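Novice: Got a structure for you, run-v8.tsv, holding TSV, N, CA and C atoms.
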chain	number	residue	atom	x	y	z
A	1	MET	N	-3.37	-7.59	26.56
A	1	MET	CA	-4.01	-8.89	26.61
A	1	MET	C	-3.65	-9.60	27.90
A	2	THR	N	-4.60	-10.28	28.49
A	2	THR	CA	-4.34	-11.04	29.71
A	2	THR	C	-4.65	-12.51	29.47
A	3	VAL	N	-4.04	-13.35	30.28
A	3	VAL	CA	-4.29	-14.79	30.26
A	3	VAL	C	-4.56	-15.23	31.70
A	4	PRO	N	-5.31	-16.33	31.89
A	4	PRO	CA	-5.56	-16.79	33.26
A	4	PRO	C	-4.25	-17.08	34.00
A	5	LEU	N	-4.21	-16.71	35.27
A	5	LEU	CA	-3.04	-16.97	36.10
A	5	LEU	C	-2.90	-18.48	36.32
A	6	GLN	N	-1.69	-18.98	36.23
A	6	GLN	CA	-1.40	-20.39	36.47
A	6	GLN	C	-0.79	-20.56	37.86
A	7	ILE	N	-1.26	-21.55	38.60
A	7	ILE	CA	-0.63	-21.94	39.86
A	7	ILE	C	-0.27	-23.41	39.76
A	8	ASP	N	0.54	-23.89	40.67
A	8	ASP	CA	0.99	-25.29	40.65
A	8	ASP	C	0.26	-26.12	41.69
A	9	ARG	N	0.07	-27.38	41.36
A	9	ARG	CA	-0.47	-28.38	42.30
A	9	ARG	C	0.55	-29.50	42.39
A	10	CYS	N	0.90	-29.87	43.61
A	10	CYS	CA	1.85	-30.96	43.83
A	10	CYS	C	1.16	-32.29	43.53
A	11	ALA	N	1.78	-33.10	42.69
A	11	ALA	CA	1.22	-34.40	42.36
A	11	ALA	C	1.36	-35.37	43.53
A	12	GLY	N	2.29	-35.09	44.45
A	12	GLY	CA	2.50	-35.97	45.58
A	12	GLY	C	1.50	-35.80	46.70
A	13	CYS	N	1.17	-34.53	47.04
A	13	CYS	CA	0.30	-34.30	48.20
A	13	CYS	C	-0.87	-33.35	47.91
A	14	SER	N	-1.00	-32.90	46.68
A	14	SER	CA	-2.10	-32.01	46.22
A	14	SER	C	-2.04	-30.59	46.79
A	15	THR	N	-0.94	-30.19	47.41
A	15	THR	CA	-0.80	-28.83	47.89
A	15	THR	C	-0.81	-27.87	46.71
A	16	GLN	N	-1.56	-26.77	46.83
A	16	GLN	CA	-1.61	-25.73	45.80
A	16	GLN	C	-0.52	-24.71	46.11
A	17	LEU	N	0.25	-24.30	45.09
A	17	LEU	CA	1.41	-23.44	45.32
A	17	LEU	C	1.41	-22.19	44.44
A	18	PHE	N	1.69	-21.06	45.03
A	18	PHE	CA	1.97	-19.83	44.30
A	18	PHE	C	2.81	-18.96	45.21
A	19	PRO	N	3.91	-18.41	44.73
A	19	PRO	CA	4.42	-18.47	43.37
A	19	PRO	C	5.06	-19.81	43.07
A	20	ARG	N	5.48	-19.96	41.83
A	20	ARG	CA	6.10	-21.20	41.34
A	20	ARG	C	7.33	-21.56	42.17
A	21	ARG	N	7.49	-22.83	42.44
A	21	ARG	CA	8.64	-23.33	43.21
A	21	ARG	C	9.26	-24.51	42.47
A	22	LEU	N	10.46	-24.88	42.88
A	22	LEU	CA	11.13	-26.04	42.28
A	22	LEU	C	10.63	-27.34	42.87
A	23	ALA	N	10.19	-27.30	44.13
A	23	ALA	CA	9.70	-28.50	44.80
A	23	ALA	C	8.63	-28.10	45.82
A	24	CYS	N	7.79	-29.04	46.17
A	24	CYS	CA	6.72	-28.80	47.14
A	24	CYS	C	7.34	-28.61	48.53
A	25	PRO	N	6.97	-27.53	49.24
A	25	PRO	CA	7.51	-27.32	50.58
A	25	PRO	C	6.91	-28.25	51.62
A	26	VAL	N	5.82	-28.95	51.27
A	26	VAL	CA	5.17	-29.85	52.21
A	26	VAL	C	5.77	-31.25	52.15
A	27	CYS	N	5.87	-31.82	50.93
A	27	CYS	CA	6.34	-33.21	50.82
A	27	CYS	C	7.67	-33.35	50.08
A	28	GLY	N	8.15	-32.27	49.46
A	28	GLY	CA	9.43	-32.32	48.77
A	28	GLY	C	9.37	-32.80	47.33
A	29	SER	N	8.21	-33.18	46.85
A	29	SER	CA	8.09	-33.66	45.48
A	29	SER	C	8.40	-32.54	44.48
A	30	ALA	N	9.07	-32.91	43.39
A	30	ALA	CA	9.35	-31.96	42.31
A	30	ALA	C	8.32	-32.10	41.19
A	31	ASP	N	7.34	-32.97	41.37
A	31	ASP	CA	6.31	-33.21	40.35
A	31	ASP	C	5.17	-32.21	40.56
A	32	LEU	N	5.32	-31.01	39.99
A	32	LEU	CA	4.34	-29.94	40.13
A	32	LEU	C	3.64	-29.74	38.79
A	33	GLN	N	2.33	-29.65	38.81
A	33	GLN	CA	1.54	-29.52	37.59
A	33	GLN	C	0.79	-28.19	37.60
A	34	SER	N	0.92	-27.42	36.52
A	34	SER	CA	0.27	-26.11	36.42
A	34	SER	C	-1.20	-26.25	36.05
A	35	HIS	N	-2.02	-25.35	36.59
A	35	HIS	CA	-3.43	-25.27	36.23
A	35	HIS	C	-3.91	-23.86	36.51
A	36	GLU	N	-5.08	-23.49	35.97
A	36	GLU	CA	-5.61	-22.15	36.18
A	36	GLU	C	-5.92	-21.93	37.66
A	37	ALA	N	-5.63	-20.72	38.13
A	37	ALA	CA	-5.84	-20.38	39.54
A	37	ALA	C	-7.31	-20.41	39.92
A	38	GLY	N	-8.20	-20.06	39.01
A	38	GLY	CA	-9.62	-20.05	39.32
A	38	GLY	C	-10.03	-18.78	40.05
A	39	GLU	N	-11.07	-18.88	40.83
A	39	GLU	CA	-11.66	-17.71	41.50
A	39	GLU	C	-11.23	-17.62	42.95
A	40	GLY	N	-11.47	-16.44	43.52
A	40	GLY	CA	-11.17	-16.21	44.92
A	40	GLY	C	-11.89	-14.98	45.43
A	41	VAL	N	-11.60	-14.60	46.67
A	41	VAL	CA	-12.23	-13.45	47.31
A	41	VAL	C	-11.14	-12.49	47.75
A	42	VAL	N	-11.36	-11.20	47.50
A	42	VAL	CA	-10.42	-10.17	47.95
A	42	VAL	C	-10.56	-10.02	49.45
A	43	VAL	N	-9.46	-10.16	50.17
A	43	VAL	CA	-9.44	-10.07	51.62
A	43	VAL	C	-9.18	-8.63	52.06
A	44	SER	N	-8.22	-7.97	51.41
A	44	SER	CA	-7.90	-6.59	51.76
A	44	SER	C	-7.32	-5.89	50.54
A	45	VAL	N	-7.40	-4.55	50.56
A	45	VAL	CA	-6.88	-3.73	49.45
A	45	VAL	C	-6.13	-2.55	50.05
A	46	THR	N	-5.02	-2.18	49.40
A	46	THR	CA	-4.27	-1.00	49.81
A	46	THR	C	-3.82	-0.24	48.58
A	47	THR	N	-3.59	1.05	48.75
A	47	THR	CA	-3.09	1.88	47.66
A	47	THR	C	-1.65	2.27	47.97
A	48	LEU	N	-0.77	2.11	47.00
A	48	LEU	CA	0.63	2.49	47.19
A	48	LEU	C	0.79	3.97	46.93
A	49	HIS	N	1.41	4.68	47.87
A	49	HIS	CA	1.62	6.11	47.75
A	49	HIS	C	3.08	6.47	47.52
A	50	ARG	N	3.99	5.57	47.91
A	50	ARG	CA	5.42	5.83	47.79
A	50	ARG	C	6.11	4.65	47.13
A	51	ARG	N	7.23	4.94	46.51
A	51	ARG	CA	8.13	3.93	45.97
A	51	ARG	C	9.54	4.42	46.25
A	52	PRO	N	10.54	3.59	46.09
A	52	PRO	CA	11.90	4.08	46.30
A	52	PRO	C	12.13	5.32	45.42
A	53	GLY	N	12.56	6.38	46.03
A	53	GLY	CA	12.80	7.60	45.27
A	53	GLY	C	11.72	8.65	45.45
A	54	GLY	N	10.62	8.33	46.11
A	54	GLY	CA	9.64	9.38	46.36
A	54	GLY	C	8.20	8.96	46.19
A	55	LEU	N	7.34	9.99	46.11
A	55	LEU	CA	5.90	9.77	45.99
A	55	LEU	C	5.52	9.30	44.59
A	56	ILE	N	4.46	8.52	44.52
A	56	ILE	CA	3.88	8.12	43.24
A	56	ILE	C	2.84	9.19	42.90
A	57	PRO	N	2.83	9.70	41.67
A	57	PRO	CA	1.85	10.72	41.30
A	57	PRO	C	0.41	10.24	41.55
A	58	GLU	N	-0.44	11.17	41.98
A	58	GLU	CA	-1.82	10.87	42.38
A	58	GLU	C	-2.58	9.99	41.39
A	59	GLY	N	-2.54	10.29	40.11
A	59	GLY	CA	-3.34	9.55	39.13
A	59	GLY	C	-2.81	8.17	38.77
A	60	SER	N	-1.61	7.82	39.22
A	60	SER	CA	-1.04	6.53	38.82
A	60	SER	C	-0.70	5.63	40.00
A	61	ARG	N	-1.33	5.86	41.14
A	61	ARG	CA	-1.06	5.04	42.33
A	61	ARG	C	-1.74	3.68	42.20
A	62	PRO	N	-0.95	2.60	42.20
A	62	PRO	CA	-1.55	1.27	42.06
A	62	PRO	C	-2.26	0.82	43.33
A	63	ARG	N	-3.34	0.06	43.13
A	63	ARG	CA	-4.07	-0.57	44.24
A	63	ARG	C	-3.72	-2.04	44.22
A	64	LEU	N	-3.32	-2.57	45.36
A	64	LEU	CA	-2.98	-3.99	45.47
A	64	LEU	C	-3.93	-4.66	46.45
A	65	GLY	N	-4.33	-5.88	46.11
A	65	GLY	CA	-5.23	-6.62	46.97
A	65	GLY	C	-4.69	-8.00	47.29
A	66	LEU	N	-5.02	-8.49	48.47
A	66	LEU	CA	-4.71	-9.86	48.86
A	66	LEU	C	-5.93	-10.70	48.51
A	67	VAL	N	-5.72	-11.70	47.64
A	67	VAL	CA	-6.81	-12.55	47.17
A	67	VAL	C	-6.62	-13.95	47.72
A	68	ALA	N	-7.63	-14.45	48.45
A	68	ALA	CA	-7.63	-15.83	48.94
A	68	ALA	C	-8.33	-16.68	47.88
A	69	LEU	N	-7.56	-17.52	47.19
A	69	LEU	CA	-8.12	-18.37	46.14
A	69	LEU	C	-8.96	-19.49	46.75
A	70	ASP	N	-10.01	-19.88	46.04
A	70	ASP	CA	-10.84	-21.00	46.49
A	70	ASP	C	-10.01	-22.28	46.61
A	71	SER	N	-8.95	-22.39	45.79
A	71	SER	CA	-8.12	-23.60	45.80
A	71	SER	C	-7.08	-23.61	46.91
A	72	GLY	N	-6.94	-22.51	47.67
A	72	GLY	CA	-6.04	-22.55	48.81
A	72	GLY	C	-5.06	-21.41	48.96
A	73	PRO	N	-4.14	-21.19	48.00
A	73	PRO	CA	-3.13	-20.16	48.23
A	73	PRO	C	-3.69	-18.74	48.19
A	74	SER	N	-2.92	-17.81	48.72
A	74	SER	CA	-3.25	-16.39	48.63
A	74	SER	C	-2.28	-15.73	47.68
A	75	VAL	N	-2.78	-14.73	46.94
A	75	VAL	CA	-2.00	-14.06	45.91
A	75	VAL	C	-2.20	-12.55	46.05
A	76	ILE	N	-1.13	-11.78	45.87
A	76	ILE	CA	-1.25	-10.33	45.82
A	76	ILE	C	-1.41	-9.94	44.37
A	77	ALA	N	-2.45	-9.12	44.08
A	77	ALA	CA	-2.76	-8.76	42.71
A	77	ALA	C	-3.10	-7.29	42.59
A	78	ARG	N	-2.87	-6.74	41.39
A	78	ARG	CA	-3.28	-5.37	41.09
A	78	ARG	C	-4.80	-5.33	40.98
A	79	CYS	N	-5.44	-4.31	41.56
A	79	CYS	CA	-6.90	-4.21	41.58
A	79	CYS	C	-7.37	-2.90	40.97
A	80	GLU	N	-8.49	-2.97	40.26
A	80	GLU	CA	-9.13	-1.77	39.74
A	80	GLU	C	-9.97	-1.14	40.86
A	81	ALA	N	-10.53	0.04	40.60
A	81	ALA	CA	-11.28	0.80	41.61
A	81	ALA	C	-12.51	0.06	42.13
A	82	ASP	N	-13.15	-0.77	41.28
A	82	ASP	CA	-14.37	-1.46	41.70
A	82	ASP	C	-14.11	-2.70	42.54
A	83	VAL	N	-12.85	-3.07	42.74
A	83	VAL	CA	-12.50	-4.25	43.54
A	83	VAL	C	-12.24	-3.81	44.97
A	84	VAL	N	-13.08	-4.28	45.88
A	84	VAL	CA	-12.99	-3.97	47.30
A	84	VAL	C	-13.00	-5.28	48.09
A	85	PRO	N	-12.66	-5.24	49.39
A	85	PRO	CA	-12.73	-6.48	50.16
A	85	PRO	C	-14.11	-7.12	50.05
A	86	GLY	N	-14.11	-8.44	49.86
A	86	GLY	CA	-15.35	-9.19	49.70
A	86	GLY	C	-15.72	-9.45	48.25
A	87	THR	N	-15.07	-8.78	47.30
A	87	THR	CA	-15.37	-8.96	45.88
A	87	THR	C	-14.84	-10.31	45.40
A	88	ARG	N	-15.68	-11.06	44.68
A	88	ARG	CA	-15.22	-12.30	44.04
A	88	ARG	C	-14.50	-11.92	42.76
A	89	VAL	N	-13.32	-12.51	42.56
A	89	VAL	CA	-12.48	-12.17	41.42
A	89	VAL	C	-11.91	-13.43	40.78
A	90	GLU	N	-11.42	-13.25	39.56
A	90	GLU	CA	-10.57	-14.26	38.95
A	90	GLU	C	-9.25	-13.58	38.65
A	91	LEU	N	-8.16	-14.33	38.67
A	91	LEU	CA	-6.84	-13.75	38.49
A	91	LEU	C	-6.33	-13.98	37.09
A	92	GLU	N	-5.73	-12.94	36.54
A	92	GLU	CA	-5.16	-12.98	35.19
A	92	GLU	C	-3.74	-12.46	35.25
A	93	ARG	N	-2.94	-12.82	34.25
A	93	ARG	CA	-1.58	-12.30	34.14
A	93	ARG	C	-1.53	-11.40	32.91
A	94	ALA	N	-1.06	-10.16	33.11
A	94	ALA	CA	-0.94	-9.19	32.02
A	94	ALA	C	0.35	-9.45	31.24
A	95	ASP	N	0.46	-8.81	30.08
A	95	ASP	CA	1.66	-8.95	29.25
A	95	ASP	C	2.93	-8.56	29.99
A	96	ASP	N	2.83	-7.60	30.91
A	96	ASP	CA	4.02	-7.16	31.66
A	96	ASP	C	4.33	-8.06	32.85
A	97	GLY	N	3.55	-9.15	33.02
A	97	GLY	CA	3.79	-10.10	34.11
A	97	GLY	C	2.99	-9.83	35.36
A	98	ALA	N	2.33	-8.68	35.43
A	98	ALA	CA	1.55	-8.33	36.63
A	98	ALA	C	0.36	-9.26	36.79
A	99	VAL	N	0.02	-9.57	38.04
A	99	VAL	CA	-1.18	-10.35	38.34
A	99	VAL	C	-2.30	-9.36	38.56
A	100	ILE	N	-3.44	-9.57	37.86
A	100	ILE	CA	-4.58	-8.65	37.89
A	100	ILE	C	-5.78	-9.39	38.49
A	101	ALA	N	-6.46	-8.73	39.44
A	101	ALA	CA	-7.71	-9.26	40.00
A	101	ALA	C	-8.87	-8.63	39.25
A	102	ALA	N	-9.61	-9.45	38.49
A	102	ALA	CA	-10.73	-8.97	37.71
A	102	ALA	C	-12.05	-9.38	38.39
A	103	ALA	N	-12.87	-8.38	38.71
A	103	ALA	CA	-14.15	-8.63	39.40
A	103	ALA	C	-15.06	-9.50	38.54
A	104	LEU	N	-15.80	-10.38	39.20
A	104	LEU	CA	-16.75	-11.26	38.53
A	104	LEU	C	-18.15	-10.65	38.62
A	105	GLY	N	-18.44	-9.68	37.80
A	105	GLY	CA	-19.76	-9.06	37.80
A	105	GLY	C	-20.11	-8.48	39.16
A	106	ASP	N	-21.35	-8.71	39.61
A	106	ASP	CA	-21.80	-8.19	40.89
A	106	ASP	C	-21.72	-9.22	41.99
A	107	SER	N	-21.03	-10.33	41.80
A	107	SER	CA	-21.02	-11.41	42.78
A	107	SER	C	-20.07	-11.09	43.92
A	108	ARG	N	-20.61	-10.64	45.02
A	108	ARG	CA	-19.83	-10.39	46.22
A	108	ARG	C	-20.12	-11.48	47.22
A	109	GLY	N	-19.08	-11.83	47.94
A	109	GLY	CA	-19.37	-12.86	48.75
A	109	GLY	C	-18.99	-13.37	49.94
How would this structure read if it were set down as structure tokens?
Specialist:
Amino acid sequence: MTVPLQIDRCAGCSTQLFPRRLACPVCGSADLQSHEAGEGVVVSVTTLHRRPGGLIPEGSRPRLGLVALDSGPSVIARCEADVVPGTRVELERADDGAVIAAALGDSRG
């Protein structure tokens, strides 16, 4: 099961933040309010071939993408095969804590 990814917005200066922080790096306010990350565009995608200790088996190599959110911050997320640069996605958090980029139908953009 997945849930929408939450990011923080500073109540002092409206800066959007991810990952979670104790205070805003722009104005120093500790008044941060969580909200859904919303949609974004995949900027780049890479496949991991190695991890500490050796190669990752061919069938289980994760694909990671850099997603530029419409609200401002960029997030690294796990991507399925149909997610390529330019794909519009929404971000979700899996039970294991991973951030997942889920494609929004055929909307490329």
Novice: Closest to Gly65 of chain A among A:Leu32, A:Cys10, A:Ala101, A:Ala94, using all atoms listed in the file?
Specialist: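 Ranking A:Leu32, A:Cys10, A:Ala101, A:Ala94 by distance to Gly65 of chain A, first place goes to A:Ala101.
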Novice: Might you pull out every residue within 10 Å of segment 80-86 of chain A, with only C-alpha atoms counted and same-chain residues fewer than 6 positions away left off, and present them as a PyMOL selection string?
Specialist: chain A and resi 40-46+62-67+100-104+107-109
Novice: Could you write out that same residue set with N, CA and C atoms as a short mmCIF file (atom, residue, chain, number, x, y, z; two decimals), in the coordinates of the input?
Specialist:
data_model
loop_
_atom_site.label_atom_id
_atom_site.label_comp_id
_atom_site.auth_asym_id
_atom_site.auth_seq_id
_atom_site.Cartn_x
_atom_site.Cartn_y
_atom_site.Cartn_z
N GLY A 40 -11.47 -16.44 43.52
CA GLY A 40 -11.17 -16.21 44.92
C GLY A 40 -11.89 -14.98 45.43
N VAL A 41 -11.60 -14.60 46.67
CA VAL A 41 -12.23 -13.45 47.31
C VAL A 41 -11.14 -12.49 47.75
N VAL A 42 -11.36 -11.20 47.50
CA VAL A 42 -10.42 -10.17 47.95
C VAL A 42 -10.56 -10.02 49.45
N VAL A 43 -9.46 -10.16 50.17
CA VAL A 43 -9.44 -10.07 51.62
C VAL A 43 -9.18 -8.63 52.06
N SER A 44 -8.22 -7.97 51.41
CA SER A 44 -7.90 -6.59 51.76
C SER A 44 -7.32 -5.89 50.54
N VAL A 45 -7.40 -4.55 50.56
CA VAL A 45 -6.88 -3.73 49.45
C VAL A 45 -6.13 -2.55 50.05
N THR A 46 -5.02 -2.18 49.40
CA THR A 46 -4.27 -1.00 49.81
C THR A 46 -3.82 -0.24 48.58
N PRO A 62 -0.95 2.60 42.20
CA PRO A 62 -1.55 1.27 42.06
C PRO A 62 -2.26 0.82 43.33
N ARG A 63 -3.34 0.06 43.13
CA ARG A 63 -4.07 -0.57 44.24
C ARG A 63 -3.72 -2.04 44.22
N LEU A 64 -3.32 -2.57 45.36
CA LEU A 64 -2.98 -3.99 45.47
C LEU A 64 -3.93 -4.66 46.45
N GLY A 65 -4.33 -5.88 46.11
CA GLY A 65 -5.23 -6.62 46.97
C GLY A 65 -4.69 -8.00 47.29
N LEU A 66 -5.02 -8.49 48.47
CA LEU A 66 -4.71 -9.86 48.86
C LEU A 66 -5.93 -10.70 48.51
N VAL A 67 -5.72 -11.70 47.64
CA VAL A 67 -6.81 -12.55 47.17
C VAL A 67 -6.62 -13.95 47.72
N ILE A 100 -3.44 -9.57 37.86
CA ILE A 100 -4.58 -8.65 37.89
C ILE A 100 -5.78 -9.39 38.49
N ALA A 101 -6.46 -8.73 39.44
CA ALA A 101 -7.71 -9.26 40.00
C ALA A 101 -8.87 -8.63 39.25
N ALA A 102 -9.61 -9.45 38.49
CA ALA A 102 -10.73 -8.97 37.71
C ALA A 102 -12.05 -9.38 38.39
N ALA A 103 -12.87 -8.38 38.71
CA ALA A 103 -14.15 -8.63 39.40
C ALA A 103 -15.06 -9.50 38.54
N LEU A 104 -15.80 -10.38 39.20
CA LEU A 104 -16.75 -11.26 38.53
C LEU A 104 -18.15 -10.65 38.62
N SER A 107 -21.03 -10.33 41.80
CA SER A 107 -21.02 -11.41 42.78
C SER A 107 -20.07 -11.09 43.92
N ARG A 108 -20.61 -10.64 45.02
CA ARG A 108 -19.83 -10.39 46.22
C ARG A 108 -20.12 -11.48 47.22
N GLY A 109 -19.08 -11.83 47.94
CA GLY A 109 -19.37 -12.86 48.75
C GLY A 109 -18.99 -13.37 49.94
#
Novice: So, with only N, CA and C atoms as the atoms that count, which of A:Leu55, A:Ala37, A:Ile7, A:Leu22 lies closest to Leu69 of chain A?
Specialist: A:Ala37
Novice: Looking at only C-alpha atoms, which of A:Val89, A:Cys24, A:Val75, A:Ala68 is the one that sits closest to Gln6 of chain A?
Specialist: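 The shortest atom-to-atom distance to Gln6 of chain A comes from A:Val75.
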Novice: Please report the interatomic distance between atom CA of Glu36 of chain A and atom CA of Gly97 of chain A in Å with one decimal.
Specialist: 15.4 Å
Novice: Find the spatial neighbours of Gln16 of chain A, counting only N, CA and C atoms, within a cut-off of 7 Å - ignore same-chain residues fewer than 3 positions away - and output them as a JSON list (two decimals) with N, CA and C atoms, in the frame of the given file.
Specialist:
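The result, stored in part.json:
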[["chain", "number", "residue", "atom", "x", "y", "z"],
["A", 7, "ILE", "N", -1.26, -21.55, 38.60],
["A", 7, "ILE", "CA", -0.63, -21.94, 39.86],
["A", 7, "ILE", "C", -0.27, -23.41, 39.76],
["A", 8, "ASP", "N", 0.54, -23.89, 40.67],
["A", 8, "ASP", "CA", 0.99, -25.29, 40.65],
["A", 8, "ASP", "C", 0.26, -26.12, 41.69],
["A", 9, "ARG", "N", 0.07, -27.38, 41.36],
["A", 9, "ARG", "CA", -0.47, -28.38, 42.30],
["A", 9, "ARG", "C", 0.55, -29.50, 42.39],
["A", 10, "CYS", "N", 0.90, -29.87, 43.61],
["A", 10, "CYS", "CA", 1.85, -30.96, 43.83],
["A", 10, "CYS", "C", 1.16, -32.29, 43.53],
["A", 13, "CYS", "N", 1.17, -34.53, 47.04],
["A", 13, "CYS", "CA", 0.30, -34.30, 48.20],
["A", 13, "CYS", "C", -0.87, -33.35, 47.91],
["A", 71, "SER", "N", -8.95, -22.39, 45.79],
["A", 71, "SER", "CA", -8.12, -23.60, 45.80],
["A", 71, "SER", "C", -7.08, -23.61, 46.91],
["A", 72, "GLY", "N", -6.94, -22.51, 47.67],
["A", 72, "GLY", "CA", -6.04, -22.55, 48.81],
["A", 72, "GLY", "C", -5.06, -21.41, 48.96],
["A", 73, "PRO", "N", -4.14, -21.19, 48.00],
["A", 73, "PRO", "CA", -3.13, -20.16, 48.23],
["A", 73, "PRO", "C", -3.69, -18.74, 48.19]]
Novice: Kindly indicate which residue among A:Arg50, A:Arg21, A:Gly12, A:Ala98 lies nearest to Ile76 of chain A, using only N, CA and C atoms for the distances.
Specialist: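 The closest residue to Ile76 of chain A is A:Ala98.
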